[in-house]
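To be precise, the following lines are target30.txt, and they hold compact mmCIF, C-alpha atoms.
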```txt
# COMPACT_ATOMS: atom_id res chain seq x y z
CA MET A 147 -32.78 -22.39 16.70
CA ALA A 148 -30.13 -24.66 15.23
CA SER A 149 -26.39 -24.72 14.62
CA ILE A 150 -24.28 -25.75 11.64
CA VAL A 151 -20.62 -26.65 11.19
CA LEU A 152 -19.13 -24.98 8.12
CA SER A 153 -15.77 -25.61 6.55
CA ARG A 154 -13.48 -22.61 6.31
CA TYR A 155 -13.86 -22.80 2.52
CA GLU A 156 -17.66 -22.62 2.73
CA ALA A 157 -17.49 -19.70 5.15
CA GLU A 158 -14.74 -17.63 3.55
CA GLU A 159 -15.64 -18.30 -0.10
CA GLY A 160 -19.38 -18.05 0.40
CA ASP A 161 -20.20 -21.53 -0.91
CA LEU A 162 -23.57 -21.44 0.84
CA PRO A 163 -27.22 -21.62 -0.26
CA GLU A 164 -29.15 -18.42 -0.96
CA VAL A 165 -31.31 -18.83 2.15
CA CYS A 166 -31.77 -16.40 5.05
CA MET A 167 -29.76 -17.57 8.04
CA LEU A 168 -32.38 -16.32 10.48
CA CYS A 169 -35.75 -17.32 9.04
CA GLY A 170 -35.10 -19.60 6.06
CA ALA A 171 -36.67 -17.28 3.47
CA PRO A 172 -34.94 -16.62 0.13
CA ALA A 173 -31.91 -14.43 0.77
CA THR A 174 -31.59 -11.00 -0.84
CA GLU A 175 -28.56 -9.69 1.09
CA ARG A 176 -25.14 -11.30 0.88
CA LYS A 177 -22.40 -9.69 2.95
CA ARG A 178 -19.02 -10.74 4.24
CA ARG A 179 -18.76 -10.44 8.01
CA ARG A 180 -15.78 -10.73 10.29
CA PHE A 181 -16.56 -12.95 13.25
CA THR A 182 -14.57 -12.97 16.46
CA SER A 183 -14.82 -15.79 18.94
CA HIS A 184 -13.39 -16.32 22.40
CA PRO A 185 -14.42 -18.39 25.43
CA PHE A 186 -17.67 -17.24 26.99
CA TRP A 187 -16.12 -16.94 30.46
CA VAL A 188 -14.09 -13.95 29.25
CA TYR A 189 -17.23 -11.82 29.63
CA VAL A 190 -16.98 -12.36 33.37
CA LEU A 191 -14.11 -9.86 33.34
CA LEU A 192 -16.29 -7.01 32.09
CA PRO A 193 -17.45 -5.88 35.56
CA PHE A 194 -13.79 -5.50 36.53
CA GLY A 195 -13.19 -3.00 33.73
CA TRP A 196 -12.51 -2.85 30.03
CA LEU A 197 -8.75 -3.28 30.36
CA PRO A 198 -8.73 -6.83 31.85
CA TYR A 199 -11.42 -7.89 29.39
CA ILE A 200 -9.60 -6.47 26.36
CA ILE A 201 -6.25 -8.00 27.33
CA VAL A 202 -7.60 -11.51 27.91
CA ALA A 203 -9.98 -11.37 24.95
CA SER A 204 -7.23 -10.23 22.57
CA ILE A 205 -5.11 -13.23 23.58
CA LEU A 206 -7.88 -15.84 23.26
CA THR A 207 -9.83 -14.37 20.35
CA VAL A 208 -9.94 -16.19 17.02
CA ARG A 209 -11.05 -14.26 13.92
CA VAL A 210 -12.67 -15.63 10.78
CA ARG A 211 -14.47 -14.09 7.83
CA CYS A 212 -17.77 -15.59 6.72
CA TYR A 213 -20.31 -14.72 4.06
CA THR A 214 -23.76 -14.18 5.58
CA HIS A 215 -27.10 -14.44 3.81
CA PHE A 216 -30.22 -12.59 4.95
CA CYS A 217 -33.61 -11.59 3.63
CA ALA A 218 -34.65 -7.94 3.44
CA ARG A 219 -36.39 -8.23 6.81
CA HIS A 220 -33.33 -9.44 8.72
CA ARG A 221 -30.52 -7.69 6.86
CA ASN A 222 -29.82 -5.48 9.92
CA HIS A 223 -29.58 -8.43 12.30
CA TRP A 224 -26.39 -7.28 14.04
CA LEU A 225 -26.86 -3.55 13.44
CA MET A 226 -30.02 -3.43 15.55
CA ARG A 227 -28.21 -5.02 18.50
CA ALA A 228 -25.32 -2.60 18.18
CA LEU A 229 -27.75 0.34 18.14
CA ILE A 230 -29.47 -1.01 21.25
CA ILE A 231 -26.18 -1.42 23.11
CA TRP A 232 -24.80 2.03 22.32
CA GLY A 233 -28.19 3.72 22.50
CA VAL A 234 -28.70 2.42 26.03
CA PHE A 235 -25.15 3.50 26.88
CA ALA A 236 -25.77 7.04 25.63
CA GLY A 237 -29.04 7.26 27.56
CA MET A 238 -27.39 5.89 30.70
CA VAL A 239 -24.56 8.41 30.54
CA ALA A 240 -27.02 11.25 29.97
CA LEU A 241 -29.09 10.08 32.95
CA ILE A 242 -26.08 9.84 35.26
CA LEU A 243 -24.62 13.21 34.27
CA GLY A 244 -28.02 14.86 34.48
CA SER A 245 -28.65 13.42 37.93
CA PHE A 246 -25.31 14.66 39.25
CA PHE A 247 -25.94 18.07 37.70
CA VAL A 248 -29.35 18.39 39.39
CA VAL A 249 -27.92 17.28 42.74
CA ALA A 250 -25.08 19.81 42.42
CA LEU A 251 -27.55 22.64 41.76
CA THR A 252 -29.83 21.75 44.67
CA GLY A 253 -27.07 20.75 47.09
CA GLU A 254 -27.22 23.99 49.07
CA LYS A 255 -30.95 23.66 49.64
CA LEU A 256 -30.79 20.02 50.75
CA GLY A 257 -28.27 20.39 53.52
CA LYS A 258 -24.96 18.62 53.94
CA SER A 259 -26.28 15.33 55.33
CA SER A 260 -29.02 15.00 52.70
CA PHE A 261 -26.59 16.01 49.96
CA ASP A 262 -24.03 13.40 51.02
CA ALA A 263 -26.68 10.67 51.22
CA LEU A 264 -28.09 11.54 47.80
CA PHE A 265 -24.63 11.83 46.25
CA GLY A 266 -23.65 8.42 47.63
CA THR A 267 -26.87 6.90 46.30
CA LEU A 268 -26.16 8.32 42.85
CA CYS A 269 -22.63 6.90 42.89
CA ILE A 270 -23.83 3.42 43.82
CA GLY A 271 -26.71 3.63 41.35
CA SER A 272 -24.33 4.65 38.56
CA LEU A 273 -22.11 1.65 39.25
CA VAL A 274 -25.12 -0.67 39.25
CA LEU A 275 -26.34 0.75 35.94
CA MET A 276 -22.89 0.33 34.43
CA PHE A 277 -22.71 -3.26 35.62
CA LEU A 278 -26.14 -4.05 34.16
CA TRP A 279 -25.16 -2.48 30.84
CA LEU A 280 -21.97 -4.51 30.67
CA ALA A 281 -23.88 -7.68 31.55
CA SER A 282 -26.37 -7.03 28.74
CA ILE A 283 -23.65 -7.07 26.05
CA PRO A 284 -22.89 -10.83 26.12
CA ILE A 285 -26.61 -11.58 26.49
CA LEU A 286 -27.44 -9.68 23.30
CA GLN A 287 -24.53 -11.29 21.46
CA VAL A 288 -25.48 -14.81 22.51
CA THR A 289 -29.08 -14.31 21.37
CA ALA A 290 -27.81 -13.33 17.89
CA ILE A 291 -26.11 -15.53 15.31
CA HIS A 292 -22.62 -16.04 16.67
CA PRO A 293 -19.62 -18.30 16.06
CA ALA A 294 -18.35 -21.07 18.31
CA ASP A 295 -15.57 -23.63 18.10
CA VAL A 296 -13.56 -21.76 15.47
CA THR A 297 -10.60 -23.78 14.21
CA LYS A 298 -8.30 -23.67 11.20
CA ARG A 299 -10.61 -26.01 9.27
CA ARG A 300 -14.13 -25.31 10.42
CA LEU A 301 -16.51 -22.83 11.95
CA THR A 302 -19.64 -23.51 13.99
CA LEU A 303 -22.47 -21.01 13.69
CA LYS A 304 -25.17 -20.99 16.37
CA ARG A 305 -28.65 -19.49 16.52
CA ILE A 306 -29.35 -20.06 12.83
CA SER A 307 -32.67 -21.23 11.41
CA PRO A 308 -33.23 -24.98 10.93
CA GLU A 309 -34.23 -24.23 7.33
CA PHE A 310 -30.80 -22.75 6.63
CA ALA A 311 -29.09 -25.78 8.19
CA ASP A 312 -31.16 -28.12 5.99
CA ALA A 313 -30.38 -25.99 2.94
CA VAL A 314 -26.65 -26.25 3.66
CA TRP A 315 -26.83 -30.06 3.70
CA GLU A 316 -28.84 -30.08 0.46
CA HIS A 317 -26.36 -27.67 -1.12
CA ARG A 318 -23.49 -29.97 -0.19
CA GLU A 319 -25.25 -32.97 -1.73
CA GLU A 320 -25.77 -31.02 -4.95
CA ARG A 321 -22.10 -30.01 -5.04
CA ARG A 322 -21.05 -33.60 -4.37
CA ALA A 323 -23.30 -34.91 -7.14
CA GLU A 324 -21.90 -32.33 -9.59
CA ALA A 325 -18.34 -33.31 -8.70
CA GLU A 326 -19.07 -37.01 -9.19
CA GLN A 327 -20.71 -36.32 -12.54
CA GLU A 328 -17.71 -34.30 -13.74
CA ASP A 329 -15.38 -37.15 -12.78
CA SER A 330 -17.46 -39.79 -14.63
CA PRO A 331 -16.50 -40.65 -18.27
CA ARG A 332 -18.15 -38.48 -20.96
CA GLY A 333 -20.10 -36.65 -18.26
CA LEU A 334 -22.37 -39.64 -17.64
CA PRO A 335 -23.79 -39.95 -14.15
CA PRO A 336 -21.98 -42.52 -12.01
CA ARG A 337 -23.60 -45.92 -11.69
CA ARG A 338 -25.21 -46.88 -8.49
CA PRO A 339 -23.45 -49.68 -6.64
CA GLU A 340 -26.08 -52.22 -7.73
CA GLN A 341 -25.74 -51.07 -11.36
CA ARG A 342 -22.02 -51.61 -11.71
CA ARG A 343 -20.96 -54.06 -14.37
CA ARG A 344 -20.37 -57.54 -13.10
CA PRO A 345 -17.39 -59.57 -14.39
CA ARG A 346 -18.19 -61.72 -17.41
CA PRO A 347 -18.47 -65.44 -16.62
CA ASP A 348 -15.89 -67.82 -17.96
CA PRO A 349 -17.43 -69.91 -20.84
CA GLU A 350 -15.49 -72.95 -19.69
CA GLU A 351 -17.46 -73.01 -16.47
CA PHE A 352 -20.60 -74.02 -18.35
CA ASP A 353 -21.11 -77.46 -19.96
CA GLU A 354 -22.30 -77.56 -23.53
CA ASP A 355 -25.59 -79.37 -24.22
```
Just give me the structure as structure tokens.
Amino acid sequence: MASIVLSRYEAEEGDLPEVCMLCGAPATERKRRRFTSHPFWVYVLLPFGWLPYIIVASILTVRVRCYTHFCARHRNHWLMRALIIWGVFAGMVALILGSFFVVALTGEKLGKSSFDALFGTLCIGSLVLMFLWLASIPILQVTAIHPADVTKRRLTLKRISPEFADAVWEHREERRAEAEQEDSPRGLPPRRPEQRRRPRPDPEEFDED
């Protein structure tokens, strides 16, 4: 995968080629997406709870809106990852609650020592599952198209297709050529450097025969 540096004008106004950002095919979906970017190390705070992560992330987060182009196949690029994250979370919660419910029903038959050991195992296992789920969030986000190095003037998009990056450069050259043609007199294309008119020679420099 490749990366491309876009100006804020290109990103926010959608001055981009009609090419899928993920595979390079002709784009059929054009949507405006709000990107948020913060240092990657902020995800390290997730195992310590949502509150530390939210506080630090809200301080360091930079937001930018960008038009995104996708083909019909990849139009749900971010939606699929969101469904995976919250689907796994729902299944994990159901598994934990169901396990505790089963242990509570069979606690009298197991005996106190067995019940305490099983209950402790479930508590530790629940914490491990929660940690793994939290760790999977930044992994899924990094494997998707995501922003980096967001400033007031430019935006860097990572994990895009090389074909889209090449199309952006070609699109810029076309825009630059159109601008130069509009600035030339009577709409004529600008001369190449080697075609520019040379100064006329002074007749006095030549001797008459």
**Request:** Work out how far apart atom CA of A:Arg178 and atom CA of A:Gly233 are and give it in Å to one decimal.
**Result:** 25.0 Å
**Request:** List the neighbours of A:Ala218 out to 10 Å using only C-alpha atoms; skip same-chain residues closer than 2 positions along the sequence, and give me the result as a ChimeraX atom specification.
**Result:** /A:166,171-175,215-216,220-222
Would you compute an axis-aligned box for stretch 196-203 of chain A, covering every atom listed for it in the file with 6 Å of margin on each side, and report centre and edge lengths in Å to one decimal as JSON?
```
{"center_x": -9.4, "center_y": -7.2, "center_z": 28.4, "size_x": 18.3, "size_y": 20.7, "size_z": 18.9}
```
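Using only C-alpha atoms for every distance, the candidate list A:Gln327, A:Ser245, A:Thr289, A:Ser307 yields A:Ser245 as the residue closest to A:Thr267.
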**Message:** Counting only C-alpha atoms, which residues sit no farther than 10 Å from the position (-18.4, -25.3, -2.1) in the file's frame? I'd like them as a PyMOL selection string.
**Reply:** chain A and resi 153+155-157+159-163+317-318+320-322
**Fill in**
Between atom CA of A:Pro198 and atom CA of A:Pro284 lies a distance of 15.8 Å
**Prompt:** What separation in Å, quoted to one decimal, exists between atom CA of A:Val202 and atom CA of A:Leu301?
**Reply:**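 A separation of 21.5 Å between them.
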**Asked** With only C-alpha atoms as the basis for distance, which of A:Leu225, A:Thr207, A:Ile231, A:Met238 is at the shortest distance from A:Val274?
**Response** A:Met238
**Item:** Among listed residues A:Phe246, A:Phe277, A:Phe310, A:Phe181, nearest A:Val210 (using all atoms listed in the file)
**Value:** A:Phe181
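Compared by their closest atoms to A:Ile291, and using all atoms listed in the file, the residues A:Leu256, A:Leu152, A:Val314, A:Leu168 rank with A:Leu168 nearest.
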**Closest of A:Met226, A:Met167, A:Ala294, A:Leu241 to A:Ala313 - atom-to-atom distances counting all atoms listed in the file** = A:Met167
**Message:** So that I can check the surroundings of A:Ala203, please list as a list in words every protein, DNA and RNA residue that reaches within 7 Å of it, counting only C-alpha atoms and ignoring chain neighbours fewer than 3 positions away.
**Reply:** His184, Val188, Tyr199, Ile200, Leu206 and Thr207 of chain A
**Request:** List every protein, DNA or RNA residue that has at least one atom no more than 6 Å from (-11.8, -12.7, 17.7) in the file's coordinates, counting only C-alpha atoms, and write the result as an MDAnalysis selection string.
**Result:** chainID A and resid 182:183 207:209
Could the residues in this selection be written to a file with C-alpha atoms, as an mmCIF file, in the frame of the given file?
```
data_model
loop_
_atom_site.group_PDB
_atom_site.id
_atom_site.type_symbol
_atom_site.label_atom_id
_atom_site.label_comp_id
_atom_site.auth_asym_id
_atom_site.auth_seq_id
_atom_site.Cartn_x
_atom_site.Cartn_y
_atom_site.Cartn_z
ATOM 1 C CA THR A 182 -14.570 -12.970 16.460
ATOM 2 C CA SER A 183 -14.820 -15.790 18.940
ATOM 3 C CA THR A 207 -9.830 -14.370 20.350
ATOM 4 C CA VAL A 208 -9.940 -16.190 17.020
ATOM 5 C CA ARG A 209 -11.050 -14.260 13.920
#
```
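The shortest atom-to-atom distance to A:Arg176, with only C-alpha atoms taken into account, belongs to A:Cys212 out of A:Ile150, A:Ala250, A:Cys212, A:Cys269.
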